[in-house]
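Down below is the structure, laid out as structure tokens.
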Amino acid sequence: MSSIPHPVDLSVKPDITPFFDPATNTVSYVVKDPCSPACAIIDSVMDIDYASGRLAPVSADKIIRLIQDSGWQLEWLIETHVHADHLSAAPYIQAKLGGKIGIGANIRVVQETFGKIFNEGTEFRRDGSQFDRLFQDGDTYQIGGMTGFAMHTPGHTPACMTHVIGDAAFVGDTLFMPDGGSARADFPGGDARTLYRSIRRVLELPEATRLFMCHDYGPNGRDIRWETTVAEQRAHNIHVRDGITEDEFVAAREARDRTLDMPKLIIPSLQVNMKAGQLPSADESGRRFLKVPLNAL
């Protein structure tokens with residue numbers, strides 16, 4: 001794992017608007033530069049009724065309306081990783097508002113793995129070229145006057161990235177709220193030991209850094225929450241608080257993962273998200289189809 005220093009500036013406090021999708025327990029974010037109209041979207045959602053095969057941009061349109069009504073300028077659509085529990089709305093939003101779609105450079109590893117599982121054939125490009133930017137560990141980018149910093153934090157998937165923007169870090173599925181612990185590490189390409197090391201790297205950020213989750217499930221019936229701090233995670237995270245060793249984490253994480261079902265939307269999500277949210281190509285009649293690989297996941 002890289003030891004690239006973190007160019008964190010806690011004096012920069014982006015304006016952050018969350019959007020919670022109860023169907024998938026996903027939190028999307030609009031991250032705005034407080035000194036300009038520039039903004040970014042983190043982990044957008046395209047609604048799907050999988051039983052009927054119907055898509056609807058209800059969640060995406062809420063984000064679009066906020067940006068349009070506020071007169072903001074969208075510069076980035078960032079995916080923290082290839083999500084297995086919801087479809088990305090990035091291309092839909094990009095068509096309306098512009099901006100560049102970015103993801104971690106190890107998307108190519110994910111594409112190679114799932115290109116085989118879904119029998120995508122040679123026409124499926126496995127070089128990440130469906131995205132506008134592939135972030136390497138340590139890469140920076142601009143949102144108006146703010147500098148974003150990409151940290152490679154694999155373990156949940158090989159392409160997971162944490163994005164640090166001013167005093168805020170968007171951790172994707174690397175961490176949950178302190179009482180939720182951490183995300184699973186048993187998907188193809190996932191690894192519990194790698195996840196522990198990635199989490200500890202995130203927790204090396206300044207203790208006042210705000211951490212924003214991609215998901216929350218309200219453990220033990222509490223209200224949904226998505227914001228915490230490095231200090232809170234180090235003190236209270238049930239899986240990786242200070243004092244829990246790597247071996248203890250790996251044993252607990254792997255035991256927990258053996259009890260989990262696959263996410264309900266993993267089949268459509270992976271097929272679409274590994275292509276930057278693009279739907280499968282239409283056939284000669286104009287219809288689009290998803291594949292269901294049998295006994296492969």
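Numbering starts fresh at 1 for the residues of each chain in the structure tokens, the chains themselves are lettered A, B, ... in the order given, and ligands are numbered from 1 as they appear.
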Item to check | Spatial neighbours of stretch 38-42 of chain A, 10 Å, only C-alpha atoms, chain gap at least 2 places, as a VMD selection string | outcome: chain A and resid 14 to 18 27 to 36 44 to 45 63 to 64 67 71 to 80 90 93 99 to 102 142 to 146 163 170 172 214
Checklist entry - Which residues, written as a count of residues only, have at least one atom at most 12 Å from A:Arg193, with only C-alpha atoms counted and residues fewer than 6 positions away on the same chain left out? => result 21
Item to check | Residues flagged strand (DSSP E) by DSSP in stretch 47-143 of chain A, as a ChimeraX atom specification | outcome: /A:47-49,54-56,73-78,100-104,133-135,140-143
Only C-alpha atoms, please: the residues just picked out, written as a PDB file, in the first residue's frame.
```pdb
ATOM      1  CA  ASP A  47     -33.532   3.564  -9.693  1.00  0.00           C
ATOM      2  CA  ILE A  48     -34.479   0.100 -10.933  1.00  0.00           C
ATOM      3  CA  ASP A  49     -37.420  -2.200 -10.331  1.00  0.00           C
ATOM      4  CA  ARG A  54     -37.894  -0.884 -15.396  1.00  0.00           C
ATOM      5  CA  LEU A  55     -35.480   1.998 -14.834  1.00  0.00           C
ATOM      6  CA  ALA A  56     -36.444   5.409 -13.473  1.00  0.00           C
ATOM      7  CA  GLN A  73     -21.555  23.886 -12.412  1.00  0.00           C
ATOM      8  CA  LEU A  74     -20.984  20.128 -12.324  1.00  0.00           C
ATOM      9  CA  GLU A  75     -17.326  19.257 -12.865  1.00  0.00           C
ATOM     10  CA  TRP A  76     -17.050  15.644 -11.667  1.00  0.00           C
ATOM     11  CA  LEU A  77     -19.155  12.507 -11.294  1.00  0.00           C
ATOM     12  CA  ILE A  78     -17.087  10.286  -9.024  1.00  0.00           C
ATOM     13  CA  LYS A 100     -16.281  14.008 -16.120  1.00  0.00           C
ATOM     14  CA  ILE A 101     -16.857  10.496 -14.804  1.00  0.00           C
ATOM     15  CA  GLY A 102     -13.982   9.192 -12.682  1.00  0.00           C
ATOM     16  CA  ILE A 103     -13.149   5.928 -10.920  1.00  0.00           C
ATOM     17  CA  GLY A 104     -10.077   4.149  -9.580  1.00  0.00           C
ATOM     18  CA  ARG A 133     -10.594   9.666 -15.681  1.00  0.00           C
ATOM     19  CA  LEU A 134      -8.913   6.738 -13.976  1.00  0.00           C
ATOM     20  CA  PHE A 135      -7.522   7.802 -10.612  1.00  0.00           C
ATOM     21  CA  THR A 140      -5.376  15.184  -7.331  1.00  0.00           C
ATOM     22  CA  TYR A 141      -8.106  17.036  -9.206  1.00  0.00           C
ATOM     23  CA  GLN A 142      -9.933  20.344  -8.942  1.00  0.00           C
ATOM     24  CA  ILE A 143     -13.506  21.220  -8.029  1.00  0.00           C
TER      25      ILE A 143
END
```
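The nearest approach to A:Asn220 among the residues A:Glu232, A:Asp132, A:Asp257, A:Asp179, with only C-alpha atoms taken into account, belongs to A:Asp179.
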